[in-house]
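Structure file structure.pdb (PDB, C-alpha atoms) follows.
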```pdb
ATOM      1  CA  MET V  27      83.440 -67.407 -39.007
ATOM      2  CA  SER V  28      81.346 -65.685 -41.687
ATOM      3  CA  ILE V  29      78.945 -66.738 -44.397
ATOM      4  CA  GLN V  30      77.487 -65.176 -47.513
ATOM      5  CA  VAL V  31      73.928 -64.005 -47.924
ATOM      6  CA  PRO V  32      72.468 -65.065 -51.311
ATOM      7  CA  GLU V  33      72.118 -62.453 -54.015
ATOM      8  CA  ASN V  34      68.738 -60.731 -54.193
ATOM      9  CA  SER V  35      66.191 -62.528 -56.373
ATOM     10  CA  SER V  36      68.692 -65.240 -57.338
ATOM     11  CA  PRO V  37      67.043 -68.427 -58.690
ATOM     12  CA  TRP V  38      66.232 -71.313 -56.410
ATOM     13  CA  LYS V  39      64.395 -74.552 -57.114
ATOM     14  CA  TYR V  40      62.520 -76.944 -54.884
ATOM     15  CA  LEU V  41      61.487 -80.381 -56.196
ATOM     16  CA  GLY V  42      62.657 -79.119 -59.573
ATOM     17  CA  HIS V  43      60.205 -76.194 -59.573
ATOM     18  CA  ASN V  44      61.117 -72.502 -59.637
ATOM     19  CA  VAL V  45      60.671 -70.653 -56.347
ATOM     20  CA  HIS V  46      60.653 -66.866 -56.137
ATOM     21  CA  CYS V  47      62.695 -65.572 -53.217
ATOM     22  CA  LEU V  48      64.178 -62.286 -52.039
ATOM     23  CA  SER V  49      66.871 -61.282 -49.582
ATOM     24  CA  SER V  50      67.958 -57.945 -48.172
ATOM     25  CA  ALA V  51      70.976 -57.193 -46.003
ATOM     26  CA  PRO V  52      71.458 -54.345 -43.512
ATOM     27  CA  ASP V  53      73.792 -52.370 -45.781
ATOM     28  CA  ASN V  54      71.480 -52.905 -48.798
ATOM     29  CA  SER V  55      74.211 -54.717 -50.687
ATOM     30  CA  THR V  56      73.268 -57.654 -52.918
ATOM     31  CA  LEU V  57      76.077 -59.807 -51.567
ATOM     32  CA  LYS V  58      77.336 -59.321 -48.062
ATOM     33  CA  VAL V  59      79.553 -61.084 -45.552
ATOM     34  CA  VAL V  60      77.741 -61.192 -42.222
ATOM     35  CA  ASP V  61      78.533 -62.056 -38.627
ATOM     36  CA  GLU V  62      77.360 -65.584 -37.896
ATOM     37  CA  SER V  63      76.018 -64.416 -34.528
ATOM     38  CA  SER V  64      73.342 -62.286 -36.179
ATOM     39  CA  ILE V  65      69.870 -63.753 -36.671
ATOM     40  CA  PRO V  66      68.307 -63.940 -40.139
ATOM     41  CA  ILE V  67      64.554 -63.674 -40.723
ATOM     42  CA  LEU V  68      62.453 -65.619 -43.235
ATOM     43  CA  LEU V  69      59.040 -64.124 -44.090
ATOM     44  CA  ILE V  70      56.260 -66.467 -45.268
ATOM     45  CA  HIS V  71      53.063 -65.052 -46.798
ATOM     46  CA  GLY V  72      49.478 -66.233 -46.451
ATOM     47  CA  PHE V  73      46.919 -67.717 -48.875
ATOM     48  CA  GLY V  74      46.749 -65.857 -52.184
ATOM     49  CA  ALA V  75      49.568 -63.495 -51.192
ATOM     50  CA  SER V  76      53.289 -63.395 -51.978
ATOM     51  CA  THR V  77      56.557 -61.711 -51.058
ATOM     52  CA  ASP V  78      54.836 -58.443 -52.089
ATOM     53  CA  HIS V  79      52.769 -58.595 -48.904
ATOM     54  CA  TRP V  80      55.894 -57.832 -46.867
ATOM     55  CA  ARG V  81      56.375 -54.505 -48.690
ATOM     56  CA  TYR V  82      56.391 -52.455 -45.460
ATOM     57  CA  ASN V  83      58.378 -54.961 -43.396
ATOM     58  CA  ILE V  84      61.426 -55.891 -45.458
ATOM     59  CA  PRO V  85      62.850 -52.336 -45.730
ATOM     60  CA  VAL V  86      62.651 -51.825 -41.953
ATOM     61  CA  LEU V  87      63.642 -55.278 -40.702
ATOM     62  CA  SER V  88      66.613 -55.453 -43.083
ATOM     63  CA  LYS V  89      68.182 -52.427 -41.411
ATOM     64  CA  PHE V  90      68.989 -54.721 -38.497
ATOM     65  CA  HIS V  91      68.835 -58.312 -39.800
ATOM     66  CA  ASP V  92      69.365 -60.272 -42.974
ATOM     67  CA  VAL V  93      65.838 -60.722 -44.261
ATOM     68  CA  HIS V  94      64.590 -63.364 -46.681
ATOM     69  CA  ALA V  95      61.125 -63.750 -48.157
ATOM     70  CA  ILE V  96      59.791 -66.645 -50.181
ATOM     71  CA  ASP V  97      56.792 -67.393 -52.395
ATOM     72  CA  LEU V  98      55.384 -70.790 -51.450
ATOM     73  CA  LEU V  99      54.881 -73.179 -54.352
ATOM     74  CA  GLY V 100      51.459 -72.462 -55.829
ATOM     75  CA  PHE V 101      51.553 -68.752 -54.998
ATOM     76  CA  GLY V 102      53.084 -65.482 -56.146
ATOM     77  CA  LYS V 103      55.833 -65.799 -58.744
ATOM     78  CA  SER V 104      56.687 -69.378 -57.782
ATOM     79  CA  SER V 105      55.712 -72.320 -59.988
ATOM     80  CA  LYS V 106      52.210 -73.751 -59.713
ATOM     81  CA  PRO V 107      52.575 -77.332 -60.941
ATOM     82  CA  GLY V 108      49.317 -79.227 -61.131
ATOM     83  CA  GLU V 109      50.710 -82.546 -59.947
ATOM     84  CA  LEU V 110      51.666 -81.412 -56.438
ATOM     85  CA  LYS V 111      49.583 -82.046 -53.329
ATOM     86  CA  TYR V 112      49.321 -78.583 -51.840
ATOM     87  CA  GLY V 113      49.187 -78.363 -48.076
ATOM     88  CA  GLY V 114      51.171 -78.245 -44.865
ATOM     89  CA  PRO V 115      53.688 -81.020 -45.583
ATOM     90  CA  LEU V 116      54.702 -79.504 -48.942
ATOM     91  CA  TRP V 117      55.164 -75.975 -47.631
ATOM     92  CA  ARG V 118      56.840 -77.177 -44.434
ATOM     93  CA  ASP V 119      59.438 -79.081 -46.418
ATOM     94  CA  GLN V 120      59.925 -76.176 -48.828
ATOM     95  CA  VAL V 121      60.654 -73.774 -45.971
ATOM     96  CA  VAL V 122      62.984 -76.269 -44.263
ATOM     97  CA  ALA V 123      64.896 -76.762 -47.512
ATOM     98  CA  TYR V 124      65.244 -73.013 -48.025
ATOM     99  CA  VAL V 125      66.641 -72.484 -44.537
ATOM    100  CA  ASN V 126      69.120 -75.320 -44.943
ATOM    101  CA  GLU V 127      70.179 -74.572 -48.518
ATOM    102  CA  ARG V 128      70.009 -70.788 -48.820
ATOM    103  CA  ILE V 129      70.434 -69.406 -45.303
ATOM    104  CA  GLY V 130      72.467 -72.120 -43.608
ATOM    105  CA  ARG V 131      72.056 -71.018 -39.992
ATOM    106  CA  PRO V 132      69.313 -70.768 -37.351
ATOM    107  CA  THR V 133      66.564 -68.499 -38.634
ATOM    108  CA  VAL V 134      63.494 -66.793 -37.218
ATOM    109  CA  LEU V 135      60.470 -67.926 -39.261
ATOM    110  CA  VAL V 136      57.695 -65.345 -39.558
ATOM    111  CA  GLY V 137      54.372 -66.347 -41.115
ATOM    112  CA  ASN V 138      50.920 -64.873 -41.640
ATOM    113  CA  SER V 139      47.757 -66.961 -41.922
ATOM    114  CA  LEU V 140      48.506 -70.060 -44.016
ATOM    115  CA  GLY V 141      52.161 -68.953 -43.947
ATOM    116  CA  GLY V 142      51.960 -69.005 -40.161
ATOM    117  CA  TYR V 143      51.063 -72.668 -40.293
ATOM    118  CA  ALA V 144      53.999 -73.289 -42.662
ATOM    119  CA  ALA V 145      56.327 -71.379 -40.324
ATOM    120  CA  LEU V 146      55.204 -73.371 -37.290
ATOM    121  CA  ALA V 147      55.439 -76.718 -39.073
ATOM    122  CA  ALA V 148      58.891 -75.869 -40.443
ATOM    123  CA  GLY V 149      60.026 -74.566 -37.062
ATOM    124  CA  ALA V 150      58.998 -77.835 -35.421
ATOM    125  CA  ALA V 151      60.769 -79.841 -38.134
ATOM    126  CA  LEU V 152      63.968 -77.768 -37.891
ATOM    127  CA  GLY V 153      64.223 -78.312 -34.141
ATOM    128  CA  LYS V 154      67.164 -76.389 -32.670
ATOM    129  CA  ASN V 155      67.949 -75.088 -36.142
ATOM    130  CA  ALA V 156      64.998 -72.706 -35.871
ATOM    131  CA  ALA V 157      66.033 -69.597 -33.946
ATOM    132  CA  GLY V 158      62.403 -68.652 -33.339
ATOM    133  CA  VAL V 159      58.877 -68.728 -34.765
ATOM    134  CA  VAL V 160      56.557 -65.738 -35.133
ATOM    135  CA  LEU V 161      52.883 -66.287 -35.944
ATOM    136  CA  LEU V 162      50.634 -63.522 -37.238
ATOM    137  CA  ASN V 163      47.062 -64.843 -37.098
ATOM    138  CA  ALA V 164      48.200 -68.307 -38.103
ATOM    139  CA  ALA V 165      45.811 -70.653 -39.889
ATOM    140  CA  GLY V 166      45.371 -74.273 -38.853
ATOM    141  CA  ARG V 167      43.245 -76.350 -36.532
ATOM    142  CA  PHE V 168      43.675 -78.069 -33.215
ATOM    143  CA  SER V 169      42.954 -81.756 -32.695
ATOM    144  CA  GLU V 170      39.799 -80.957 -30.757
ATOM    145  CA  GLU V 171      38.344 -78.735 -33.479
ATOM    146  CA  LYS V 172      35.854 -80.278 -35.869
ATOM    147  CA  LYS V 173      36.002 -79.809 -39.599
ATOM    148  CA  SER V 174      33.071 -77.412 -39.280
ATOM    149  CA  SER V 175      35.194 -75.053 -37.185
ATOM    150  CA  LYS V 176      34.766 -71.428 -38.198
ATOM    151  CA  GLY V 177      38.472 -70.721 -38.431
ATOM    152  CA  PHE V 178      40.154 -69.346 -41.552
ATOM    153  CA  LEU V 179      40.185 -71.865 -44.422
ATOM    154  CA  MET V 180      37.804 -74.075 -42.444
ATOM    155  CA  LYS V 181      35.085 -71.448 -42.697
ATOM    156  CA  ALA V 182      35.693 -71.015 -46.403
ATOM    157  CA  THR V 183      35.972 -74.747 -46.948
ATOM    158  CA  GLU V 184      32.649 -75.316 -45.250
ATOM    159  CA  PHE V 185      31.019 -73.189 -47.954
ATOM    160  CA  ILE V 186      33.211 -73.948 -50.948
ATOM    161  CA  GLY V 187      34.392 -77.470 -50.273
ATOM    162  CA  THR V 188      31.087 -79.196 -49.540
ATOM    163  CA  GLY V 189      29.117 -79.973 -52.624
ATOM    164  CA  LEU V 190      29.967 -76.861 -54.578
ATOM    165  CA  LEU V 191      33.496 -77.986 -55.407
ATOM    166  CA  LYS V 192      32.225 -81.344 -56.605
ATOM    167  CA  ASP V 193      30.951 -79.618 -59.740
ATOM    168  CA  PRO V 194      33.870 -78.596 -62.016
ATOM    169  CA  LEU V 195      31.839 -75.794 -63.602
ATOM    170  CA  ILE V 196      30.886 -74.269 -60.247
ATOM    171  CA  GLN V 197      34.483 -74.657 -59.092
ATOM    172  CA  ARG V 198      35.621 -72.573 -62.012
ATOM    173  CA  LEU V 199      32.924 -69.947 -61.573
ATOM    174  CA  ILE V 200      33.840 -69.468 -57.917
ATOM    175  CA  PHE V 201      37.516 -69.179 -58.784
ATOM    176  CA  GLU V 202      36.881 -66.652 -61.565
ATOM    177  CA  ASN V 203      34.809 -64.511 -59.222
ATOM    178  CA  LEU V 204      37.359 -64.654 -56.411
ATOM    179  CA  ARG V 205      40.146 -63.318 -58.636
ATOM    180  CA  ARG V 206      38.191 -60.325 -59.917
ATOM    181  CA  PRO V 207      39.780 -57.051 -58.681
ATOM    182  CA  SER V 208      36.473 -55.917 -57.156
ATOM    183  CA  THR V 209      36.115 -59.183 -55.224
ATOM    184  CA  ILE V 210      39.720 -59.064 -54.018
ATOM    185  CA  ARG V 211      39.278 -55.488 -52.819
ATOM    186  CA  ARG V 212      35.984 -56.277 -51.106
ATOM    187  CA  THR V 213      37.551 -59.265 -49.322
ATOM    188  CA  LEU V 214      40.534 -57.222 -48.167
ATOM    189  CA  ASN V 215      38.241 -54.499 -46.873
ATOM    190  CA  GLN V 216      36.527 -57.126 -44.743
ATOM    191  CA  VAL V 217      39.749 -58.213 -43.035
ATOM    192  CA  TYR V 218      41.611 -54.884 -42.752
ATOM    193  CA  ILE V 219      40.260 -52.713 -39.937
ATOM    194  CA  ASP V 220      42.266 -49.715 -41.149
ATOM    195  CA  LYS V 221      41.765 -49.821 -44.911
ATOM    196  CA  THR V 222      44.478 -47.276 -45.767
ATOM    197  CA  ASN V 223      46.812 -49.894 -47.205
ATOM    198  CA  VAL V 224      44.125 -51.672 -49.248
ATOM    199  CA  ASP V 225      45.440 -50.058 -52.414
ATOM    200  CA  ASP V 226      45.778 -50.922 -56.100
ATOM    201  CA  ALA V 227      49.239 -52.416 -55.601
ATOM    202  CA  LEU V 228      47.945 -54.861 -52.996
ATOM    203  CA  VAL V 229      44.970 -55.879 -55.124
ATOM    204  CA  GLU V 230      47.127 -56.377 -58.212
ATOM    205  CA  GLY V 231      49.713 -58.329 -56.218
ATOM    206  CA  ILE V 232      47.018 -60.868 -55.392
ATOM    207  CA  ARG V 233      45.238 -60.840 -58.752
ATOM    208  CA  LYS V 234      48.217 -61.242 -61.077
ATOM    209  CA  PRO V 235      49.484 -64.618 -59.753
ATOM    210  CA  SER V 236      45.934 -65.987 -59.990
ATOM    211  CA  LEU V 237      46.192 -65.623 -63.777
ATOM    212  CA  ASP V 238      49.094 -68.079 -63.964
ATOM    213  CA  SER V 239      48.625 -71.554 -65.338
ATOM    214  CA  GLY V 240      48.038 -73.920 -62.444
ATOM    215  CA  ALA V 241      46.527 -71.327 -60.085
ATOM    216  CA  PHE V 242      43.075 -72.914 -60.382
ATOM    217  CA  GLN V 243      44.443 -76.317 -59.355
ATOM    218  CA  VAL V 244      46.068 -74.764 -56.293
ATOM    219  CA  PHE V 245      42.713 -73.247 -55.340
ATOM    220  CA  ARG V 246      40.964 -76.603 -55.697
ATOM    221  CA  SER V 247      43.607 -78.400 -53.668
ATOM    222  CA  VAL V 248      43.645 -75.935 -50.782
ATOM    223  CA  PHE V 249      39.870 -75.830 -50.480
ATOM    224  CA  GLU V 250      39.233 -79.546 -50.448
ATOM    225  CA  PRO V 251      36.754 -80.615 -47.742
ATOM    226  CA  GLY V 252      38.539 -80.551 -44.388
ATOM    227  CA  GLY V 253      41.165 -78.112 -45.619
ATOM    228  CA  PRO V 254      44.728 -78.784 -46.767
ATOM    229  CA  PRO V 255      46.585 -81.650 -45.071
ATOM    230  CA  GLY V 256      48.921 -81.143 -42.148
ATOM    231  CA  LYS V 257      49.415 -81.886 -38.454
ATOM    232  CA  PRO V 258      47.128 -80.223 -35.885
ATOM    233  CA  LEU V 259      48.530 -77.115 -34.244
ATOM    234  CA  ASP V 260      48.723 -78.703 -30.787
ATOM    235  CA  ASP V 261      50.998 -81.457 -32.118
ATOM    236  CA  LEU V 262      53.286 -78.876 -33.710
ATOM    237  CA  PHE V 263      53.454 -76.760 -30.549
ATOM    238  CA  ALA V 264      54.432 -79.885 -28.605
ATOM    239  CA  GLU V 265      57.309 -80.502 -31.039
ATOM    240  CA  LEU V 266      58.535 -76.903 -31.181
ATOM    241  CA  GLN V 267      61.901 -76.276 -29.473
ATOM    242  CA  SER V 268      62.400 -72.612 -30.338
ATOM    243  CA  PRO V 269      61.048 -69.365 -28.827
ATOM    244  CA  LEU V 270      57.549 -68.417 -29.975
ATOM    245  CA  LEU V 271      55.976 -65.005 -30.543
ATOM    246  CA  LEU V 272      52.256 -64.595 -31.246
ATOM    247  CA  LEU V 273      51.289 -61.306 -32.898
ATOM    248  CA  TRP V 274      47.501 -61.124 -33.016
ATOM    249  CA  GLY V 275      45.333 -58.854 -35.093
ATOM    250  CA  ASN V 276      42.593 -59.085 -32.504
ATOM    251  CA  ARG V 277      39.762 -57.953 -34.786
ATOM    252  CA  ASP V 278      40.295 -60.639 -37.409
ATOM    253  CA  PRO V 279      36.791 -61.630 -38.634
ATOM    254  CA  TRP V 280      38.037 -64.757 -40.418
ATOM    255  CA  MET V 281      39.491 -66.379 -37.347
ATOM    256  CA  ASN V 282      37.445 -65.115 -34.403
ATOM    257  CA  ALA V 283      40.808 -64.025 -33.011
ATOM    258  CA  PRO V 284      39.785 -63.685 -29.339
ATOM    259  CA  GLY V 285      38.352 -67.215 -29.329
ATOM    260  CA  LYS V 286      41.334 -68.610 -31.219
ATOM    261  CA  ARG V 287      43.729 -66.909 -28.804
ATOM    262  CA  ALA V 288      42.083 -68.677 -25.883
ATOM    263  CA  ILE V 289      42.679 -72.055 -27.526
ATOM    264  CA  PHE V 290      46.275 -71.142 -28.377
ATOM    265  CA  LYS V 291      46.984 -70.347 -24.722
ATOM    266  CA  ARG V 292      46.085 -73.896 -23.755
ATOM    267  CA  PHE V 293      48.669 -75.469 -26.046
ATOM    268  CA  THR V 294      51.510 -72.995 -26.627
ATOM    269  CA  PRO V 295      54.695 -73.283 -24.510
ATOM    270  CA  GLU V 296      54.690 -71.446 -21.189
ATOM    271  CA  ALA V 297      57.428 -69.043 -22.319
ATOM    272  CA  THR V 298      55.442 -67.890 -25.363
ATOM    273  CA  THR V 299      55.231 -64.125 -25.871
ATOM    274  CA  GLU V 300      51.852 -62.796 -26.962
ATOM    275  CA  ILE V 301      51.168 -59.290 -28.281
ATOM    276  CA  VAL V 302      47.625 -58.206 -29.114
ATOM    277  CA  LEU V 303      47.178 -55.545 -31.788
ATOM    278  CA  GLU V 304      44.192 -53.536 -32.957
ATOM    279  CA  ALA V 305      44.107 -54.918 -36.480
ATOM    280  CA  GLY V 306      42.563 -57.540 -38.733
ATOM    281  CA  HIS V 307      43.876 -60.678 -40.402
ATOM    282  CA  CYS V 308      47.079 -59.159 -41.852
ATOM    283  CA  PRO V 309      48.553 -56.891 -39.154
ATOM    284  CA  HIS V 310      51.990 -56.847 -40.808
ATOM    285  CA  ASP V 311      50.547 -54.934 -43.781
ATOM    286  CA  GLU V 312      47.770 -53.049 -41.999
ATOM    287  CA  ILE V 313      49.859 -51.681 -39.107
ATOM    288  CA  PRO V 314      53.423 -52.502 -40.203
ATOM    289  CA  ASP V 315      55.142 -50.011 -37.876
ATOM    290  CA  GLN V 316      53.722 -51.717 -34.788
ATOM    291  CA  VAL V 317      54.528 -55.197 -36.080
ATOM    292  CA  ASN V 318      58.083 -54.273 -37.062
ATOM    293  CA  GLU V 319      58.758 -52.716 -33.662
ATOM    294  CA  ALA V 320      57.328 -55.677 -31.765
ATOM    295  CA  LEU V 321      59.288 -58.204 -33.813
ATOM    296  CA  LEU V 322      62.601 -56.375 -33.535
ATOM    297  CA  GLN V 323      62.223 -55.923 -29.781
ATOM    298  CA  TRP V 324      61.395 -59.601 -29.293
ATOM    299  CA  MET V 325      64.386 -60.689 -31.362
ATOM    300  CA  GLN V 326      66.746 -58.785 -29.112
ATOM    301  CA  GLY V 327      66.143 -61.424 -26.462
ATOM    302  CA  ILE V 328      66.866 -64.439 -28.656
ATOM    303  CA  LYS V 329      70.172 -66.211 -28.227
ATOM    304  CA  ILE V 330      71.507 -67.605 -31.478
ATOM    305  CA  ARG V 331      72.112 -71.350 -31.658
ATOM    306  CA  ASN V 332      74.447 -72.719 -34.265
ATOM    307  CA  PHE V 333      73.628 -75.495 -36.718
TER     308      PHE V 333
END
```
Kindly present the structure from the file in structure tokens form.
Amino acid sequence: MSIQVPENSSPWKYLGHNVHCLSSAPDNSTLKVVDESSIPILLIHGFGASTDHWRYNIPVLSKFHDVHAIDLLGFGKSSKPGELKYGGPLWRDQVVAYVNERIGRPTVLVGNSLGGYAALAAGAALGKNAAGVVLLNAAGRFSEEKKSSKGFLMKATEFIGTGLLKDPLIQRLIFENLRRPSTIRRTLNQVYIDKTNVDDALVEGIRKPSLDSGAFQVFRSVFEPGGPPGKPLDDLFAELQSPLLLLWGNRDPWMNAPGKRAIFKRFTPEATTEIVLEAGHCPHDEIPDQVNEALLQWMQGIKIRNF
């Protein structure tokens, strides 16, 4: 039995809102009949990023697998409606809907940072319909962690979300500063150990979506005190039925990666594969060759399970 991969960049809507998505097949065709036994990949970006952040991964991974990438609502070229409650439940359900509606077979979900949380939550919700989950420095908290935890988003929320974000004027000033090209570049330089790929294209790929109507509301929602809503990581790991790969940029200053890894080991399934890399918060863009190789090798051991 065979299925059809959706045409590249073809429109898709979730909750009536436009979602930007891409797909690439091994023969580089825009519409391809594929063997159902092959395993597709869905790439999910982190906070402030988009499908552009997978620029060095899609061309390589799609030589061997059907690869999809999606802009979460509120980010990239996707809609940024002000009425939505941005957080884990929204992005989980968006990813689940995309897998069911556009891919239609068990998929490996790959996410970085906030996208890692979305990938894990969606993988848990999909059950056996998730072929695997890959986390690259995933955001999120464990039940035992307090709101003052120094993890990514929590650390920023502690500064931005307490008091400062109660003043609409200060909210706006912070947002305007964060989307300046110089601020974006400075932030990236803090979280990339090898700064070679911190280039103009990366900076512009983050800056441009922040100019869209609704981007400010997304910022406010994500950085509410306590962070965006969603289940703790330990609950999601307990629900996960699919294979799990952890790819760590071990010098991530936002997450205290070594300390976070130790907590992960206490709650992740026994069969979890962990690979530690010499990189910062975004290893897929900083050292893409190593990430691509590790992901492809891990996927060779996954047995496909049908819907």
Evaluate the PyMOL selection byres ((chain V and resi 206) around 12) and record the selected residues as a ChimeraX atom specification, following the chain and residue labels used in the document.
/V:199-205,207-213,229-230,232-234,236-237
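Atom CA of V:Val244 is positioned 27.7 Å from atom CA of V:Leu272.
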Among V:Tyr40, V:Tyr112, V:Phe290, V:Tyr82, V:Leu270 is approached most closely, using only C-alpha atoms, by V:Phe290
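Here the PyMOL selection byres ((chain V and resi 104-109) around 8) catches exactly these residues: His43, Asn44, Val45, His46, Asp97, Leu98, Leu99, Gly100, Phe101, Gly102, Lys103, Leu110, Lys111, Asp238, Ser239, Gly240, Ala241, Gln243 and Val244 of chain V.
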- Message: Under the PyMOL selection byres ((chain V and resi 163) around 9), which residues of this model are included? Write them out as JSON, numbers by chain.
- Response: {"V": [137, 138, 139, 140, 142, 161, 162, 164, 165, 272, 273, 274, 275, 276, 278, 281, 283, 306, 307, 308, 309]}
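Considering the residues V:Ala151, V:Leu322, V:Ala288, V:Leu214 and counting all atoms listed in the file, V:Asp226 has its shortest atom-to-atom contact with V:Leu214.
For the atom pair formed by atom CA of V:Asn83 and atom CA of V:Thr133, the distance is 16.5 Å, given to one decimal.
Using all atoms listed in the file, the nearest neighbour of V:Val136 within the list V:Met325, V:Leu259, V:Ile67, V:Val217 is V:Ile67.
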Query raised in the report: Which neighbours of V:Pro269 fall inside 10 Å, counting all atoms listed in the file, when residues of the same chain fewer than 5 positions from it are skipped, and could you give them as a PyMOL selection string?
Result: chain V and resi 134+149+156-160+295+297-299+324-325+327-329
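Among the candidates V:Gly231, V:Gly166, V:Pro132, V:Gly42, the residue lying nearest to V:Lys257 is V:Gly166 (atoms considered: all atoms listed in the file).
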Output requested as a short mmCIF file (atom, residue, chain, number, x, y, z; two decimals), keeping the file's coordinate frame - stretch 294-317 of chain V, filled out with N, CA and C atoms.
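Wrote result29.cif, looks like this:
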```cif
data_model
loop_
_atom_site.label_atom_id
_atom_site.label_comp_id
_atom_site.auth_asym_id
_atom_site.auth_seq_id
_atom_site.Cartn_x
_atom_site.Cartn_y
_atom_site.Cartn_z
N THR V 294 50.20 -73.58 -26.34
CA THR V 294 51.51 -73.00 -26.63
C THR V 294 52.42 -73.12 -25.41
N PRO V 295 53.75 -73.16 -25.63
CA PRO V 295 54.70 -73.28 -24.51
C PRO V 295 54.53 -72.15 -23.51
N GLU V 296 54.88 -72.41 -22.27
CA GLU V 296 54.69 -71.45 -21.19
C GLU V 296 55.44 -70.15 -21.44
N ALA V 297 56.60 -70.23 -22.09
CA ALA V 297 57.43 -69.04 -22.32
C ALA V 297 57.00 -68.24 -23.54
N THR V 298 55.91 -68.59 -24.16
CA THR V 298 55.44 -67.89 -25.36
C THR V 298 55.15 -66.42 -25.05
N THR V 299 55.56 -65.55 -25.96
CA THR V 299 55.23 -64.12 -25.87
C THR V 299 54.02 -63.84 -26.75
N GLU V 300 53.04 -63.14 -26.20
CA GLU V 300 51.85 -62.80 -26.96
C GLU V 300 51.65 -61.29 -26.95
N ILE V 301 51.43 -60.72 -28.15
CA ILE V 301 51.17 -59.29 -28.28
C ILE V 301 49.87 -59.13 -29.08
N VAL V 302 48.92 -58.40 -28.49
CA VAL V 302 47.62 -58.21 -29.11
C VAL V 302 47.58 -56.82 -29.75
N LEU V 303 47.19 -56.78 -31.01
CA LEU V 303 47.18 -55.54 -31.79
C LEU V 303 45.77 -55.24 -32.29
N GLU V 304 45.49 -53.96 -32.45
CA GLU V 304 44.19 -53.54 -32.96
C GLU V 304 44.25 -53.57 -34.49
N ALA V 305 43.99 -54.74 -35.04
CA ALA V 305 44.11 -54.92 -36.48
C ALA V 305 43.33 -56.16 -36.89
N GLY V 306 43.27 -56.40 -38.20
CA GLY V 306 42.56 -57.54 -38.73
C GLY V 306 43.47 -58.72 -39.01
N HIS V 307 43.21 -59.41 -40.12
CA HIS V 307 43.88 -60.68 -40.40
C HIS V 307 45.33 -60.53 -40.82
N CYS V 308 45.72 -59.38 -41.33
CA CYS V 308 47.08 -59.16 -41.85
C CYS V 308 47.73 -57.97 -41.17
N PRO V 309 48.02 -58.06 -39.88
CA PRO V 309 48.55 -56.89 -39.15
C PRO V 309 49.88 -56.38 -39.70
N HIS V 310 50.69 -57.27 -40.29
CA HIS V 310 51.99 -56.85 -40.81
C HIS V 310 51.87 -55.84 -41.94
N ASP V 311 50.75 -55.87 -42.68
CA ASP V 311 50.55 -54.93 -43.78
C ASP V 311 49.61 -53.80 -43.37
N GLU V 312 48.73 -54.07 -42.44
CA GLU V 312 47.77 -53.05 -42.00
C GLU V 312 48.41 -52.04 -41.05
N ILE V 313 49.17 -52.55 -40.07
CA ILE V 313 49.86 -51.68 -39.11
C ILE V 313 51.33 -52.10 -39.03
N PRO V 314 52.05 -51.97 -40.13
CA PRO V 314 53.42 -52.50 -40.20
C PRO V 314 54.38 -51.90 -39.18
N ASP V 315 54.22 -50.63 -38.83
CA ASP V 315 55.14 -50.01 -37.88
C ASP V 315 55.08 -50.72 -36.52
N GLN V 316 53.87 -51.04 -36.07
CA GLN V 316 53.72 -51.72 -34.79
C GLN V 316 54.27 -53.14 -34.84
N VAL V 317 54.04 -53.83 -35.94
CA VAL V 317 54.53 -55.20 -36.08
C VAL V 317 56.05 -55.22 -36.15
#
```
